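**Q** Got target-v5.txt for you, compact mmCIF, C-alpha atoms:
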```
# COMPACT_ATOMS: atom_id res chain seq x y z
CA MET A 202 0.00 0.00 0.00
CA THR A 203 1.29 3.45 -0.90
CA SER A 204 0.24 6.98 0.00
CA ILE A 205 0.95 10.45 -1.31
CA VAL A 206 2.34 12.68 1.43
CA ARG A 207 3.90 16.08 2.03
CA PHE A 208 6.80 16.03 4.46
CA VAL A 209 9.42 18.25 6.08
CA ASP A 210 12.83 17.93 4.43
CA SER A 211 14.88 18.98 7.45
CA ALA A 212 18.15 19.19 5.55
CA ALA A 213 16.77 21.60 2.97
CA GLY A 214 14.35 23.33 5.35
CA VAL A 215 11.41 22.93 2.97
CA ALA A 216 8.24 20.91 2.51
CA ARG A 217 8.34 18.31 -0.27
CA PRO A 218 5.95 15.80 -1.84
CA GLY A 219 6.70 12.12 -1.37
CA MET A 220 5.45 8.58 -1.76
CA LEU A 221 5.06 6.60 1.46
CA ASP A 222 5.34 2.80 1.47
CA GLU A 223 6.61 0.07 3.78
CA ASP A 224 10.20 1.25 3.20
CA GLY A 225 9.58 4.86 4.18
CA ILE A 226 9.08 8.14 2.33
CA HIS A 227 10.47 8.36 -1.19
CA PRO A 228 10.83 11.99 -2.34
CA VAL A 229 9.14 12.97 -5.58
CA GLU A 230 11.92 14.62 -7.57
CA SER A 231 9.91 15.68 -10.63
CA VAL A 232 7.99 18.47 -8.86
CA ALA A 233 8.55 20.76 -5.89
CA THR A 234 4.93 20.88 -4.68
CA LEU A 235 1.77 18.81 -4.83
CA ALA A 236 0.05 21.73 -6.55
CA GLU A 237 2.56 21.51 -9.38
CA LEU A 238 1.84 17.80 -9.70
CA LEU A 239 -1.88 18.53 -10.12
CA HIS A 240 -1.14 20.47 -13.33
CA ARG A 241 -0.47 17.13 -15.04
CA PRO A 242 -2.91 14.57 -16.51
CA ALA A 243 -3.79 11.71 -14.17
CA ALA A 244 -1.86 9.13 -16.23
CA GLU A 245 1.31 11.25 -16.05
CA ILE A 246 0.84 11.84 -12.32
CA ARG A 247 0.67 8.08 -11.81
CA GLU A 248 3.88 7.56 -13.79
CA GLN A 249 5.75 10.20 -11.79
CA LEU A 250 4.56 8.94 -8.42
CA GLU A 251 5.34 5.33 -9.20
CA ALA A 252 8.77 6.34 -10.51
CA ALA A 253 9.44 8.13 -7.21
CA ARG A 254 9.40 4.81 -5.36
CA ALA A 255 12.75 4.03 -6.98
CA ASN A 256 14.30 6.96 -5.09
CA PRO A 257 16.00 6.07 -1.78
CA PRO A 258 13.76 6.79 1.22
CA VAL A 259 14.64 9.79 3.35
CA GLU A 260 16.42 9.12 6.62
CA GLY A 261 14.63 9.06 9.95
CA VAL A 262 10.92 9.70 10.43
CA PRO A 263 10.13 13.05 8.79
CA ARG A 264 7.21 15.11 10.07
CA LEU A 265 4.16 14.84 7.84
CA LEU A 266 2.26 17.98 6.89
CA SER A 267 -1.23 18.49 5.51
CA PRO A 268 -1.23 17.03 1.96
CA ILE A 269 -2.12 20.27 0.19
CA ASP A 270 -0.17 23.36 -0.86
CA GLY A 271 0.06 26.15 -3.41
CA ASP A 272 -3.26 27.66 -4.44
CA THR A 273 -5.15 24.38 -4.11
CA PRO A 274 -8.41 25.08 -2.21
CA VAL A 275 -10.70 22.72 -0.34
CA TRP A 276 -14.36 22.67 -1.33
CA GLY A 277 -17.14 20.82 0.46
CA ALA A 278 -20.37 19.11 -0.53
CA GLY A 279 -23.42 19.14 1.72
CA VAL A 280 -26.42 16.91 2.33
CA THR A 281 -25.08 14.03 0.21
CA TYR A 282 -26.16 11.35 2.69
CA ARG A 283 -29.64 10.85 4.15
CA VAL A 284 -28.14 10.96 7.65
CA SER A 285 -26.87 14.47 6.96
CA GLN A 286 -30.26 15.58 5.65
CA GLU A 287 -31.98 14.31 8.80
CA ALA A 288 -29.41 15.96 11.09
CA ARG A 289 -29.71 19.31 9.33
CA ILE A 290 -33.50 19.20 9.65
CA GLU A 291 -33.24 18.33 13.35
CA GLU A 292 -30.88 21.18 14.19
CA SER A 293 -32.69 23.83 12.17
CA GLY A 294 -36.35 22.84 12.25
CA ASP A 295 -36.42 23.90 8.58
CA GLU A 296 -37.35 20.73 6.75
CA ASP A 297 -38.02 22.20 3.31
CA VAL A 298 -34.59 23.64 2.44
CA TYR A 299 -32.65 20.46 3.25
CA ILE A 300 -35.11 18.07 1.59
CA ARG A 301 -35.00 20.19 -1.53
CA VAL A 302 -31.19 20.22 -1.74
CA TYR A 303 -30.99 16.47 -1.02
CA ASN A 304 -33.37 15.71 -3.88
CA ALA A 305 -32.28 18.46 -6.25
CA GLU A 306 -30.34 17.90 -9.46
CA ARG A 307 -27.78 20.51 -8.35
CA PRO A 308 -25.77 19.53 -5.24
CA GLU A 309 -24.78 21.91 -2.46
CA LEU A 310 -21.13 22.93 -2.93
CA PHE A 311 -19.18 25.52 -0.97
CA LEU A 312 -15.63 26.81 -0.56
CA LYS A 313 -14.25 25.45 2.72
CA CYS A 314 -10.76 26.97 2.91
CA VAL A 315 -7.51 27.68 1.11
CA ALA A 316 -4.48 25.40 1.37
CA HIS A 317 -2.54 27.23 4.09
CA GLU A 318 -5.54 27.03 6.45
CA VAL A 319 -5.74 23.21 6.41
CA VAL A 320 -4.54 21.33 9.49
CA THR A 321 -3.64 17.66 9.78
CA ASP A 322 -3.20 14.75 12.19
CA GLY A 323 -1.92 15.79 15.62
CA GLU A 324 -2.71 19.48 15.13
CA PRO A 325 -5.65 21.29 16.76
CA VAL A 326 -9.13 21.33 15.24
CA GLY A 327 -11.03 24.54 15.80
CA ARG A 328 -14.14 25.24 17.82
CA ARG A 329 -15.95 28.58 17.58
CA PRO A 330 -16.42 30.22 20.99
CA ASP A 331 -19.68 31.82 19.75
CA SER A 332 -21.27 28.46 18.89
CA GLU A 333 -22.99 26.26 21.44
CA ASN A 334 -22.60 23.15 19.33
CA ASP A 335 -19.61 22.41 17.09
CA THR A 336 -19.43 18.92 15.65
CA PRO A 337 -16.99 16.85 13.54
CA GLU A 338 -18.06 15.76 10.08
CA PRO A 339 -15.97 12.82 8.78
CA GLU A 340 -15.87 12.70 4.99
CA LEU A 341 -14.18 11.08 2.02
CA ALA A 342 -12.05 13.67 0.22
CA LEU A 343 -11.06 13.67 -3.46
CA MET A 344 -7.81 15.17 -4.72
CA LEU A 345 -8.53 16.46 -8.23
CA ASN A 346 -6.14 17.74 -10.89
CA THR A 347 -6.80 20.81 -13.03
CA ALA A 348 -8.85 18.69 -15.46
CA GLY A 349 -11.10 17.33 -12.73
CA GLU A 350 -9.64 13.82 -12.72
CA ILE A 351 -9.59 12.01 -9.37
CA VAL A 352 -5.93 11.56 -8.47
CA ALA A 353 -6.27 10.35 -4.87
CA TYR A 354 -8.64 9.76 -1.95
CA GLY A 355 -8.22 11.16 1.54
CA VAL A 356 -9.88 11.69 4.92
CA CYS A 357 -11.41 15.04 5.84
CA ASN A 358 -13.04 16.51 8.92
CA ASP A 359 -15.33 19.31 7.73
CA MET A 360 -15.78 20.73 11.24
CA CYS A 361 -19.10 22.56 11.54
CA ALA A 362 -20.49 25.14 13.97
CA ARG A 363 -23.78 23.32 14.02
CA ALA A 364 -25.61 25.80 16.23
CA ILE A 365 -24.86 28.63 13.80
CA GLU A 366 -26.02 26.73 10.71
CA GLY A 367 -29.12 25.61 12.61
CA GLU A 368 -29.99 29.21 13.46
CA ASN A 369 -30.21 30.15 9.79
CA PRO A 370 -28.98 28.33 6.64
CA LEU A 371 -27.71 31.69 5.33
CA TYR A 372 -25.09 31.55 8.10
CA ILE A 373 -23.45 28.50 6.51
CA PRO A 374 -20.22 30.39 5.59
CA GLN A 375 -19.74 31.28 9.27
CA ALA A 376 -20.66 27.75 10.34
CA LYS A 377 -18.16 26.20 7.94
CA ILE A 378 -15.26 28.63 7.63
CA PHE A 379 -13.22 29.40 10.75
CA ALA A 380 -9.72 28.78 12.10
CA ALA A 381 -8.67 25.12 11.82
CA SER A 382 -12.14 24.03 10.72
CA CYS A 383 -10.74 21.76 7.97
CA VAL A 384 -8.57 18.74 8.77
CA LEU A 385 -7.01 16.48 6.13
CA ALA A 386 -5.27 13.26 7.14
CA PRO A 387 -1.59 13.37 6.10
CA THR A 388 -1.87 10.44 3.68
CA LEU A 389 -3.69 10.29 0.35
CA ARG A 390 -4.29 6.96 -1.35
CA PRO A 391 -3.63 7.00 -5.11
CA ALA A 392 -6.91 6.54 -6.97
CA TRP A 393 -5.57 3.58 -8.96
CA GLU A 394 -5.04 1.64 -5.71
CA VAL A 395 -8.65 2.03 -4.50
CA PRO A 396 -10.78 -0.62 -6.20
CA ASP A 397 -14.18 0.75 -5.11
CA PRO A 398 -14.59 4.21 -3.53
CA TYR A 399 -18.25 3.34 -2.85
CA ASP A 400 -17.25 0.53 -0.47
CA LEU A 401 -15.18 2.34 2.15
CA THR A 402 -15.93 2.24 5.87
CA ILE A 403 -15.78 5.62 7.64
CA ARG A 404 -15.31 5.69 11.42
CA LEU A 405 -15.67 8.46 14.00
CA ARG A 406 -14.95 8.54 17.72
CA LEU A 407 -15.42 11.57 19.97
CA SER A 408 -13.87 11.25 23.45
CA ARG A 409 -13.68 13.39 26.56
CA GLY A 410 -11.03 12.10 28.92
CA ALA A 411 -11.70 8.40 29.47
CA ASP A 412 -15.31 8.70 28.25
CA VAL A 413 -16.34 7.93 24.69
CA LEU A 414 -19.14 10.38 23.90
CA PHE A 415 -19.89 9.07 20.43
CA ARG A 416 -18.70 6.21 18.28
CA GLY A 417 -20.04 5.31 14.86
CA SER A 418 -19.24 3.85 11.47
CA THR A 419 -20.88 3.81 8.08
CA SER A 420 -20.00 3.30 4.42
CA THR A 421 -19.58 5.45 1.35
CA SER A 422 -22.12 3.10 -0.24
CA GLU A 423 -24.72 5.37 1.40
CA LEU A 424 -23.79 8.31 -0.85
CA ALA A 425 -26.88 9.70 -2.55
CA ARG A 426 -24.85 11.15 -5.44
CA THR A 427 -22.00 9.81 -7.52
CA LEU A 428 -18.51 11.25 -7.10
CA GLU A 429 -18.48 12.10 -10.80
CA GLU A 430 -21.68 14.09 -10.38
CA LEU A 431 -20.15 16.19 -7.62
CA VAL A 432 -16.92 16.75 -9.57
CA ASP A 433 -18.75 17.70 -12.77
CA CYS A 434 -20.83 20.30 -10.95
CA LEU A 435 -17.77 21.71 -9.16
CA PHE A 436 -15.85 22.15 -12.42
CA TYR A 437 -18.81 23.31 -14.50
CA ALA A 438 -18.08 27.04 -14.17
CA THR A 439 -14.97 27.24 -11.97
CA ALA A 440 -11.27 26.96 -12.86
CA PHE A 441 -8.74 25.36 -10.51
CA PRO A 442 -5.23 26.12 -11.86
CA ASP A 443 -3.60 24.24 -8.93
CA GLY A 444 -6.26 21.55 -8.69
CA VAL A 445 -8.71 21.20 -5.81
CA VAL A 446 -9.65 18.92 -2.93
CA LEU A 447 -13.37 18.14 -2.70
CA SER A 448 -14.81 16.79 0.55
CA THR A 449 -17.87 14.77 -0.38
CA GLY A 450 -20.23 15.19 2.57
CA THR A 451 -20.74 13.69 5.98
CA CYS A 452 -22.41 10.42 6.85
CA LEU A 453 -21.82 10.40 10.63
CA VAL A 454 -23.29 13.11 12.82
CA PRO A 455 -23.16 13.01 16.64
CA PRO A 456 -26.53 13.73 18.29
CA LEU A 457 -27.44 17.30 19.22
CA ASP A 458 -26.92 16.55 22.91
CA CYS A 459 -23.29 15.60 22.22
CA PRO A 460 -21.48 18.85 21.28
CA SER A 461 -17.70 18.88 21.24
CA GLU A 462 -15.83 20.91 23.84
CA ALA A 463 -12.28 22.20 24.08
CA GLY A 464 -10.02 19.31 25.08
CA ASP A 465 -12.12 16.61 23.43
CA ILE A 466 -10.40 14.14 21.11
CA ILE A 467 -11.74 13.53 17.60
CA GLU A 468 -10.54 10.39 15.82
CA ILE A 469 -11.54 9.76 12.21
CA SER A 470 -10.47 7.01 9.85
CA ILE A 471 -11.45 5.53 6.52
CA ASP A 472 -10.37 1.94 6.02
CA ASP A 473 -7.46 1.61 3.56
CA ILE A 474 -7.30 5.41 3.11
CA GLY A 475 -6.00 7.07 6.28
CA SER A 476 -6.68 8.30 9.79
CA MET A 477 -6.18 11.28 12.09
CA ARG A 478 -6.51 12.33 15.72
CA ASN A 479 -7.06 15.94 16.77
CA VAL A 480 -7.71 17.85 19.98
CA VAL A 481 -10.64 20.29 19.92
CA THR A 482 -9.26 23.78 20.61
CA SER A 483 -10.86 27.22 20.78
CA THR A 484 -10.19 29.28 17.69
CA ASP A 485 -8.96 32.02 20.08
CA ASP A 486 -5.97 29.79 20.85
CA ILE A 487 -5.32 28.80 17.23
CA LYS A 488 -5.41 32.02 15.22
CA GLY A 489 -1.98 33.23 16.31
CA TRP A 490 -0.35 29.96 15.27
CA LEU A 491 -2.05 30.08 11.87
CA HIS A 492 -0.62 33.57 11.33
CA ARG A 493 2.86 32.32 12.22
CA ARG A 494 2.48 29.24 10.05
CA HIS A 495 1.42 31.36 7.10
CA ALA A 496 4.77 33.16 7.37
CA ASP A 497 6.65 29.87 7.88
CA PRO A 498 4.72 26.78 6.70
CA LEU A 499 6.94 24.48 8.78
CA THR A 500 5.99 26.07 12.13
CA PRO A 501 4.62 23.31 14.42
CA TYR A 502 1.70 23.96 16.74
CA GLU A 503 2.52 24.64 20.38
CA ALA A 504 -0.32 24.84 22.90
```
Could the structure of this file be written out as structure tokens, please?

**A**
Amino acid sequence: MTSIVRFVDSAAGVARPGMLDEDGIHPVESVATLAELLHRPAAEIREQLEAARANPPVEGVPRLLSPIDGDTPVWGAGVTYRVSQEARIEESGDEDVYIRVYNAERPELFLKCVAHEVVTDGEPVGRRPDSENDTPEPELALMLNTAGEIVAYGVCNDMCARAIEGENPLYIPQAKIFAASCVLAPTLRPAWEVPDPYDLTIRLRLSRGADVLFRGSTSTSELARTLEELVDCLFYATAFPDGVVLSTGTCLVPPLDCPSEAGDIIEISIDDIGSMRNVVTSTDDIKGWLHRRHADPLTPYEA
């Protein structure tokens, strides 16, 4: 099994793309960034990544970064599973708007964040202090090249300020876009190694100390739309010169009486794709680090 990663090259003091396998991380020499790789056709990307495995693995255990860079944004899809539709209705009391988008020909798509705002495994996930209920949303993510071809699959937490969205659907940008609200697991599975993206088990666990507040699992087989349908709509009128990551909607939603709090642990995994573990942290305590990391992308988080 191999994965596409972005790692810290300590000797050069830069972030580099690599291929991770049982022997370690093999640097990808043909490009300097993942964004540059996404300029290529999918067949050429596969050739370059497979060729990278012939390169000697880097020494030690390099720190893995979020697998996104350049001007590659993250977009999200909403209400693509029946569970999500039911949860949105419960939190808002507005049945009509969510039933209509679930059944509509046009899916709900929204800009989640830009590349430098994405966090990864072991880093904090944000919680808005002005929201009474923030909740994790585990999702299958697609890495897409500039032509809209699926290059790889990943794991995303599309963290949501559920109380704010429930107050009014027009507040969705505030409910979805805030500091460290988007987490991508550090590994991406090449698309050609995933035999059936509609048969992947997604798992979520929310813990507070020794107590497990919520645990659940489901399958991408429950998707109400095809991945191709979501991609086609995303690319219909929008250009992505550095490619894009599309998170395809949540299928596991903790109950309303189970909001996350600062200090909680969120663990999300998708079988054969990747996993991540993050501590829920107030956005007040994260914003300064994100400013520092924007100036120096290799800056680690320190509580």

**Q** Pick the closest to Ala463 (chain A) from A:Ala216, A:Val445, A:Ile487, A:Val275: which is it, counting only C-alpha atoms?

**A**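 Between A:Ala216, A:Val445, A:Ile487, A:Val275, the residue approaching Ala463 (chain A) most closely is A:Ile487.
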
**Q** Do you know which residues are at most 7 Å from region 347-362 of chain A counting all atoms listed in the file, after dropping those on the same chain fewer than 5 positions away, and could you put them as a short mmCIF file (atom, residue, chain, number, x, y, z; two decimals) with C-alpha atoms, in the frame of the given file?

**A**
```cif
data_model
loop_
_atom_site.label_atom_id
_atom_site.label_comp_id
_atom_site.auth_asym_id
_atom_site.auth_seq_id
_atom_site.Cartn_x
_atom_site.Cartn_y
_atom_site.Cartn_z
CA LEU A 239 -1.88 18.53 -10.12
CA HIS A 240 -1.14 20.47 -13.33
CA ALA A 243 -3.79 11.71 -14.17
CA ARG A 329 -15.95 28.58 17.58
CA SER A 332 -21.27 28.46 18.89
CA ASN A 334 -22.60 23.15 19.33
CA ASP A 335 -19.61 22.41 17.09
CA THR A 336 -19.43 18.92 15.65
CA PRO A 337 -16.99 16.85 13.54
CA GLU A 338 -18.06 15.76 10.08
CA PRO A 339 -15.97 12.82 8.78
CA GLU A 340 -15.87 12.70 4.99
CA LEU A 341 -14.18 11.08 2.02
CA ALA A 342 -12.05 13.67 0.22
CA ALA A 376 -20.66 27.75 10.34
CA LYS A 377 -18.16 26.20 7.94
CA SER A 382 -12.14 24.03 10.72
CA CYS A 383 -10.74 21.76 7.97
CA VAL A 384 -8.57 18.74 8.77
CA LEU A 385 -7.01 16.48 6.13
CA ALA A 386 -5.27 13.26 7.14
CA THR A 388 -1.87 10.44 3.68
CA LEU A 389 -3.69 10.29 0.35
CA ARG A 390 -4.29 6.96 -1.35
CA PRO A 391 -3.63 7.00 -5.11
CA ALA A 392 -6.91 6.54 -6.97
CA VAL A 432 -16.92 16.75 -9.57
CA PHE A 436 -15.85 22.15 -12.42
CA PHE A 441 -8.74 25.36 -10.51
CA PRO A 442 -5.23 26.12 -11.86
CA ASP A 443 -3.60 24.24 -8.93
CA GLY A 444 -6.26 21.55 -8.69
CA SER A 448 -14.81 16.79 0.55
CA SER A 470 -10.47 7.01 9.85
CA ILE A 471 -11.45 5.53 6.52
CA ILE A 474 -7.30 5.41 3.11
CA GLY A 475 -6.00 7.07 6.28
CA SER A 476 -6.68 8.30 9.79
#
```

**Q** Of the candidates A:Ile378, A:Val302, A:Ile205, A:Ile365, which shows the shortest atom-to-atom distance to Val319 (chain A), using all atoms listed in the file?

**A**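 Distance minimum relative to Val319 (chain A) lands on A:Ile378.
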
**Q** Between A:Asp222, A:Asp497, A:Glu468, A:Glu333, which has the minimum distance to Gly417 (chain A) (counting only C-alpha atoms)?

**A** A:Glu468

**Q** What is the distance between CA of Val481 (chain A) and CA of Arg328 (chain A), in Å to one decimal?

**A**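 Taking CA of Val481 (chain A) and CA of Arg328 (chain A), their separation equals 6.4 Å.
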
**Q** From the options A:Leu345, A:Met477, A:Val209, A:Cys314, which residue's atoms come nearest to Leu265 (chain A), counting only C-alpha atoms?

**A** A:Val209
